[in-house]
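Listing of final.pdb, PDB, C-alpha atoms, pLDDT in the B column
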ATOM      1  CA  MET A   1      31.009  13.668 -15.702  1.00 91.00           C
ATOM      2  CA  GLU A   2      33.482  10.936 -14.915  1.00 96.00           C
ATOM      3  CA  ILE A   3      36.675  10.802 -16.980  1.00 97.00           C
ATOM      4  CA  LYS A   4      37.296   7.146 -17.843  1.00 97.00           C
ATOM      5  CA  ASN A   5      40.791   7.222 -19.371  1.00 97.00           C
ATOM      6  CA  LYS A   6      43.784   9.370 -20.279  1.00 96.00           C
ATOM      7  CA  GLN A   7      42.563   9.928 -23.853  1.00 97.00           C
ATOM      8  CA  GLU A   8      39.201  11.229 -22.650  1.00 97.00           C
ATOM      9  CA  PHE A   9      41.033  13.533 -20.204  1.00 98.00           C
ATOM     10  CA  GLU A  10      43.057  15.001 -23.064  1.00 97.00           C
ATOM     11  CA  GLU A  11      39.952  15.484 -25.237  1.00 97.00           C
ATOM     12  CA  LYS A  12      37.639  16.958 -22.579  1.00 97.00           C
ATOM     13  CA  VAL A  13      40.096  18.860 -20.378  1.00 98.00           C
ATOM     14  CA  LEU A  14      43.377  19.627 -22.113  1.00 97.00           C
ATOM     15  CA  ASN A  15      41.877  20.339 -25.534  1.00 97.00           C
ATOM     16  CA  SER A  16      38.959  22.418 -24.236  1.00 96.00           C
ATOM     17  CA  ASN A  17      38.846  26.104 -25.098  1.00 93.00           C
ATOM     18  CA  LYS A  18      36.854  26.731 -21.900  1.00 94.00           C
ATOM     19  CA  LYS A  19      37.868  26.895 -18.269  1.00 96.00           C
ATOM     20  CA  VAL A  20      37.508  23.369 -16.878  1.00 98.00           C
ATOM     21  CA  LEU A  21      37.337  22.197 -13.254  1.00 98.00           C
ATOM     22  CA  VAL A  22      38.636  18.700 -12.507  1.00 98.00           C
ATOM     23  CA  ASP A  23      37.792  16.996  -9.220  1.00 98.00           C
ATOM     24  CA  PHE A  24      40.364  14.352  -8.283  1.00 98.00           C
ATOM     25  CA  TYR A  25      38.550  12.077  -5.823  1.00 98.00           C
ATOM     26  CA  ALA A  26      38.055   8.519  -4.545  1.00 98.00           C
ATOM     27  CA  ASP A  27      34.891   6.644  -3.631  1.00 97.00           C
ATOM     28  CA  TRP A  28      36.131   5.996  -0.065  1.00 98.00           C
ATOM     29  CA  CYS A  29      36.958   9.675   0.643  1.00 98.00           C
ATOM     30  CA  GLY A  30      34.574  11.391   3.091  1.00 97.00           C
ATOM     31  CA  PRO A  31      35.291  15.015   2.070  1.00 97.00           C
ATOM     32  CA  CYS A  32      34.958  13.931  -1.586  1.00 98.00           C
ATOM     33  CA  LYS A  33      31.458  12.640  -0.860  1.00 97.00           C
ATOM     34  CA  MET A  34      30.568  15.971   0.780  1.00 97.00           C
ATOM     35  CA  LEU A  35      31.887  17.861  -2.254  1.00 97.00           C
ATOM     36  CA  ALA A  36      30.032  15.760  -4.856  1.00 97.00           C
ATOM     37  CA  PRO A  37      26.540  17.316  -4.448  1.00 97.00           C
ATOM     38  CA  ILE A  38      28.017  20.820  -4.601  1.00 98.00           C
ATOM     39  CA  LEU A  39      29.763  20.042  -7.889  1.00 98.00           C
ATOM     40  CA  GLU A  40      26.602  18.370  -9.177  1.00 97.00           C
ATOM     41  CA  GLY A  41      24.695  21.580  -8.471  1.00 97.00           C
ATOM     42  CA  LEU A  42      27.244  23.643 -10.424  1.00 97.00           C
ATOM     43  CA  LYS A  43      27.514  21.388 -13.482  1.00 95.00           C
ATOM     44  CA  ASN A  44      25.096  23.512 -15.525  1.00 96.00           C
ATOM     45  CA  ASP A  45      27.147  26.660 -14.898  1.00 96.00           C
ATOM     46  CA  TYR A  46      30.656  25.276 -15.378  1.00 97.00           C
ATOM     47  CA  GLU A  47      32.489  22.528 -17.215  1.00 97.00           C
ATOM     48  CA  ILE A  48      33.260  20.025 -14.442  1.00 98.00           C
ATOM     49  CA  TYR A  49      34.845  16.582 -14.681  1.00 98.00           C
ATOM     50  CA  LYS A  50      35.735  13.977 -12.085  1.00 98.00           C
ATOM     51  CA  VAL A  51      38.842  11.771 -12.018  1.00 98.00           C
ATOM     52  CA  ASN A  52      38.865   8.751  -9.703  1.00 98.00           C
ATOM     53  CA  VAL A  53      42.463   8.578  -8.446  1.00 98.00           C
ATOM     54  CA  ASP A  54      42.149   4.843  -7.790  1.00 97.00           C
ATOM     55  CA  ASN A  55      41.238   4.173 -11.429  1.00 97.00           C
ATOM     56  CA  LEU A  56      43.521   6.748 -13.090  1.00 98.00           C
ATOM     57  CA  GLN A  57      46.602   6.793 -10.896  1.00 97.00           C
ATOM     58  CA  GLU A  58      48.790   7.999 -13.777  1.00 97.00           C
ATOM     59  CA  LEU A  59      46.826  11.277 -13.957  1.00 98.00           C
ATOM     60  CA  ALA A  60      46.986  11.711 -10.185  1.00 97.00           C
ATOM     61  CA  ILE A  61      50.756  11.263 -10.326  1.00 97.00           C
ATOM     62  CA  LYS A  62      51.158  13.554 -13.340  1.00 97.00           C
ATOM     63  CA  TYR A  63      49.311  16.397 -11.601  1.00 98.00           C
ATOM     64  CA  ALA A  64      50.912  15.747  -8.179  1.00 97.00           C
ATOM     65  CA  VAL A  65      47.640  14.887  -6.448  1.00 98.00           C
ATOM     66  CA  MET A  66      48.807  13.881  -2.966  1.00 96.00           C
ATOM     67  CA  THR A  67      45.598  14.536  -1.026  1.00 97.00           C
ATOM     68  CA  ILE A  68      41.966  14.292  -2.065  1.00 98.00           C
ATOM     69  CA  PRO A  69      39.788  15.966  -2.914  1.00 98.00           C
ATOM     70  CA  THR A  70      42.035  18.071  -5.127  1.00 98.00           C
ATOM     71  CA  LEU A  71      40.396  20.552  -7.481  1.00 98.00           C
ATOM     72  CA  ILE A  72      42.406  21.726 -10.473  1.00 98.00           C
ATOM     73  CA  VAL A  73      41.241  24.434 -12.855  1.00 98.00           C
ATOM     74  CA  PHE A  74      42.579  24.070 -16.395  1.00 98.00           C
ATOM     75  CA  GLU A  75      42.426  26.730 -19.075  1.00 97.00           C
ATOM     76  CA  ASN A  76      43.766  26.072 -22.585  1.00 95.00           C
ATOM     77  CA  GLY A  77      45.366  22.879 -21.319  1.00 95.00           C
ATOM     78  CA  GLU A  78      47.297  24.588 -18.527  1.00 96.00           C
ATOM     79  CA  ILE A  79      46.780  24.575 -14.770  1.00 97.00           C
ATOM     80  CA  LYS A  80      45.409  27.926 -13.586  1.00 97.00           C
ATOM     81  CA  GLU A  81      44.434  27.031 -10.007  1.00 96.00           C
ATOM     82  CA  LYS A  82      44.934  24.063  -7.713  1.00 97.00           C
ATOM     83  CA  THR A  83      43.360  23.612  -4.306  1.00 97.00           C
ATOM     84  CA  VAL A  84      43.177  20.752  -1.838  1.00 97.00           C
ATOM     85  CA  GLY A  85      40.380  19.785   0.528  1.00 97.00           C
ATOM     86  CA  PHE A  86      36.663  20.427   0.797  1.00 97.00           C
ATOM     87  CA  LYS A  87      35.440  23.705  -0.713  1.00 97.00           C
ATOM     88  CA  ASN A  88      31.998  25.259  -0.421  1.00 97.00           C
ATOM     89  CA  GLU A  89      29.961  26.483  -3.377  1.00 97.00           C
ATOM     90  CA  ASN A  90      31.194  30.081  -3.170  1.00 97.00           C
ATOM     91  CA  GLN A  91      34.826  29.001  -2.997  1.00 98.00           C
ATOM     92  CA  ILE A  92      34.360  26.877  -6.116  1.00 97.00           C
ATOM     93  CA  LYS A  93      32.660  29.745  -7.947  1.00 97.00           C
ATOM     94  CA  ASP A  94      35.581  31.991  -7.009  1.00 96.00           C
ATOM     95  CA  LEU A  95      37.975  29.445  -8.536  1.00 95.00           C
ATOM     96  CA  MET A  96      36.022  29.402 -11.789  1.00 96.00           C
ATOM     97  CA  ASP A  97      35.230  33.125 -12.185  1.00 91.00           C
TER      98      ASP A  97
END
Just give me the structure as structure tokens.
Amino acid sequence: MEIKNKQEFEEKVLNSNKKVLVDFYADWCGPCKMLAPILEGLKNDYEIYKVNVDNLQELAIKYAVMTIPTLIVFENGEIKEKTVGFKNENQIKDLMD
């Protein structure tokens, strides 16, 4: 699910009592496009949100997203894991488990 604004990010990600994976991406990013179907396939198993860095630059800056795709795992509003670049399904599962 695409996060549309900072308020929605706070509600869905920072205020969640679950482990949440956030994919910081851009439409023009090749590795991001390769990652998208993998995340789509995992959306029933995990809470996954997408943040378009072109639309929400303030969030990208706040979380020091310098390269995309960047995957950040949040738990209770805090960063638990952060990884940069394409990841396969097993690597993503390892992040979330």
Next on the checklist: Take the PyMOL selection byres ((chain A and resi 59-71) around 6), run it mentally on this structure, and tell me the resulting residues as a VMD selection string.
Outcome noted: chain A and resid 22 to 25 32 53 56 to 58 72 82 to 85
Residue subset to file, keeping C-alpha atoms, as a compact mmCIF listing (two decimals), keeping the file's coordinate frame:
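Just written: out.txt:
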# COMPACT_ATOMS: atom_id res chain seq x y z
CA VAL A 22 38.64 18.70 -12.51
CA ASP A 23 37.79 17.00 -9.22
CA PHE A 24 40.36 14.35 -8.28
CA TYR A 25 38.55 12.08 -5.82
CA CYS A 32 34.96 13.93 -1.59
CA VAL A 53 42.46 8.58 -8.45
CA LEU A 56 43.52 6.75 -13.09
CA GLN A 57 46.60 6.79 -10.90
CA GLU A 58 48.79 8.00 -13.78
CA ILE A 72 42.41 21.73 -10.47
CA LYS A 82 44.93 24.06 -7.71
CA THR A 83 43.36 23.61 -4.31
CA VAL A 84 43.18 20.75 -1.84
CA GLY A 85 40.38 19.78 0.53
Next on the checklist: (41.3, 4.3, -17.1) in this file's frame - what residues fall within 7 Å of it? Use all atoms listed in the file and give the answer as number ranges by chain.
Outcome noted: A: 4-6, 55-56
Next on the checklist: At a cut-off of 7 Å, using all atoms listed in the file, what residues contact region 73-80 of chain A? Leave out same-chain residues fewer than 4 positions from it and give the result as a list in words.
Outcome noted: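 Near neighbours after the sequence-gap exclusion: Val13, Leu14, Asn15, Ser16, Asn17, Lys18, Lys19, Val20, Leu21 and Val22 of chain A.
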What lies within 12 Å of Lys43 (chain A) using all atoms listed in the file, ignoring chain neighbours under 3 positions off, as a short mmCIF file (atom, residue, chain, number, x, y, z; two decimals) with C-alpha atoms, keeping the file's coordinate frame?
data_model
loop_
_atom_site.label_atom_id
_atom_site.label_comp_id
_atom_site.auth_asym_id
_atom_site.auth_seq_id
_atom_site.Cartn_x
_atom_site.Cartn_y
_atom_site.Cartn_z
CA MET A 1 31.01 13.67 -15.70
CA VAL A 20 37.51 23.37 -16.88
CA LEU A 21 37.34 22.20 -13.25
CA VAL A 22 38.64 18.70 -12.51
CA ASP A 23 37.79 17.00 -9.22
CA ALA A 36 30.03 15.76 -4.86
CA PRO A 37 26.54 17.32 -4.45
CA ILE A 38 28.02 20.82 -4.60
CA LEU A 39 29.76 20.04 -7.89
CA GLU A 40 26.60 18.37 -9.18
CA TYR A 46 30.66 25.28 -15.38
CA GLU A 47 32.49 22.53 -17.22
CA ILE A 48 33.26 20.02 -14.44
CA TYR A 49 34.84 16.58 -14.68
CA LYS A 50 35.74 13.98 -12.08
CA GLU A 89 29.96 26.48 -3.38
CA ILE A 92 34.36 26.88 -6.12
CA LYS A 93 32.66 29.74 -7.95
CA MET A 96 36.02 29.40 -11.79
#
Checklist outcome for this item: From the list A:Asp94, A:Lys33, A:Ala26, A:Gln7, the nearest residue to Val51 (chain A) using only C-alpha atoms is A:Ala26
Next on the checklist: One decimal, in Å: what's the spacing between CA of Phe9 (chain A) and CA of Asp54 (chain A)?
Outcome noted: 15.2 Å
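Here CA of Gly41 (chain A) and CA of Asp97 (chain A) stand 16.1 Å from one another.
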Checklist entry - At what distance in Å, to one decimal, does CA of Asp45 (chain A) lie from CA of Cys29 (chain A)? => result 25.0 Å
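Nearest to Asn52 (chain A) of all the residues A:Lys12, A:Asp27, A:Asn88, A:Leu95 is A:Asp27, based on only C-alpha atoms.
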Starting from the sparse input, extend region 26-45 of chain A to N, CA and C atoms and give the output as a PDB file, in the coordinates of the input.
ATOM      1  N   ALA A  26      38.170   9.976  -4.671  1.00 98.00           N
ATOM      2  CA  ALA A  26      38.055   8.519  -4.545  1.00 98.00           C
ATOM      3  C   ALA A  26      36.727   8.210  -3.872  1.00 98.00           C
ATOM      4  N   ASP A  27      36.193   7.041  -4.176  1.00 97.00           N
ATOM      5  CA  ASP A  27      34.891   6.644  -3.631  1.00 97.00           C
ATOM      6  C   ASP A  27      34.897   6.534  -2.103  1.00 97.00           C
ATOM      7  N   TRP A  28      36.027   6.214  -1.509  1.00 98.00           N
ATOM      8  CA  TRP A  28      36.131   5.996  -0.065  1.00 98.00           C
ATOM      9  C   TRP A  28      36.397   7.292   0.714  1.00 98.00           C
ATOM     10  N   CYS A  29      36.550   8.401   0.024  1.00 98.00           N
ATOM     11  CA  CYS A  29      36.958   9.675   0.643  1.00 98.00           C
ATOM     12  C   CYS A  29      35.746  10.452   1.166  1.00 98.00           C
ATOM     13  N   GLY A  30      35.687  10.669   2.474  1.00 97.00           N
ATOM     14  CA  GLY A  30      34.574  11.391   3.091  1.00 97.00           C
ATOM     15  C   GLY A  30      34.389  12.813   2.570  1.00 97.00           C
ATOM     16  N   PRO A  31      35.442  13.652   2.600  1.00 97.00           N
ATOM     17  CA  PRO A  31      35.291  15.015   2.070  1.00 97.00           C
ATOM     18  C   PRO A  31      34.894  15.040   0.586  1.00 97.00           C
ATOM     19  N   CYS A  32      35.342  14.024  -0.168  1.00 98.00           N
ATOM     20  CA  CYS A  32      34.958  13.931  -1.586  1.00 98.00           C
ATOM     21  C   CYS A  32      33.451  13.729  -1.716  1.00 98.00           C
ATOM     22  N   LYS A  33      32.901  12.892  -0.834  1.00 97.00           N
ATOM     23  CA  LYS A  33      31.458  12.640  -0.860  1.00 97.00           C
ATOM     24  C   LYS A  33      30.676  13.895  -0.487  1.00 97.00           C
ATOM     25  N   MET A  34      31.230  14.714   0.404  1.00 97.00           N
ATOM     26  CA  MET A  34      30.568  15.971   0.780  1.00 97.00           C
ATOM     27  C   MET A  34      30.624  16.985  -0.366  1.00 97.00           C
ATOM     28  N   LEU A  35      31.693  16.930  -1.146  1.00 97.00           N
ATOM     29  CA  LEU A  35      31.887  17.861  -2.254  1.00 97.00           C
ATOM     30  C   LEU A  35      31.016  17.506  -3.463  1.00 97.00           C
ATOM     31  N   ALA A  36      30.735  16.237  -3.656  1.00 97.00           N
ATOM     32  CA  ALA A  36      30.032  15.760  -4.856  1.00 97.00           C
ATOM     33  C   ALA A  36      28.702  16.475  -5.129  1.00 97.00           C
ATOM     34  N   PRO A  37      27.805  16.637  -4.134  1.00 97.00           N
ATOM     35  CA  PRO A  37      26.540  17.316  -4.448  1.00 97.00           C
ATOM     36  C   PRO A  37      26.712  18.793  -4.794  1.00 97.00           C
ATOM     37  N   ILE A  38      27.750  19.418  -4.261  1.00 98.00           N
ATOM     38  CA  ILE A  38      28.017  20.820  -4.601  1.00 98.00           C
ATOM     39  C   ILE A  38      28.430  20.920  -6.065  1.00 98.00           C
ATOM     40  N   LEU A  39      29.330  20.044  -6.487  1.00 98.00           N
ATOM     41  CA  LEU A  39      29.763  20.042  -7.889  1.00 98.00           C
ATOM     42  C   LEU A  39      28.610  19.688  -8.814  1.00 98.00           C
ATOM     43  N   GLU A  40      27.781  18.760  -8.382  1.00 97.00           N
ATOM     44  CA  GLU A  40      26.602  18.370  -9.177  1.00 97.00           C
ATOM     45  C   GLU A  40      25.696  19.583  -9.396  1.00 97.00           C
ATOM     46  N   GLY A  41      25.538  20.394  -8.370  1.00 97.00           N
ATOM     47  CA  GLY A  41      24.695  21.580  -8.471  1.00 97.00           C
ATOM     48  C   GLY A  41      25.272  22.670  -9.363  1.00 97.00           C
ATOM     49  N   LEU A  42      26.585  22.618  -9.598  1.00 97.00           N
ATOM     50  CA  LEU A  42      27.244  23.643 -10.424  1.00 97.00           C
ATOM     51  C   LEU A  42      27.498  23.184 -11.859  1.00 97.00           C
ATOM     52  N   LYS A  43      27.143  21.942 -12.171  1.00 95.00           N
ATOM     53  CA  LYS A  43      27.514  21.388 -13.482  1.00 95.00           C
ATOM     54  C   LYS A  43      26.857  22.096 -14.659  1.00 95.00           C
ATOM     55  N   ASN A  44      25.735  22.774 -14.427  1.00 96.00           N
ATOM     56  CA  ASN A  44      25.096  23.512 -15.525  1.00 96.00           C
ATOM     57  C   ASN A  44      25.754  24.862 -15.767  1.00 96.00           C
ATOM     58  N   ASP A  45      26.499  25.350 -14.780  1.00 96.00           N
ATOM     59  CA  ASP A  45      27.147  26.660 -14.898  1.00 96.00           C
ATOM     60  C   ASP A  45      28.595  26.561 -15.362  1.00 96.00           C
TER      61      ASP A  45
END
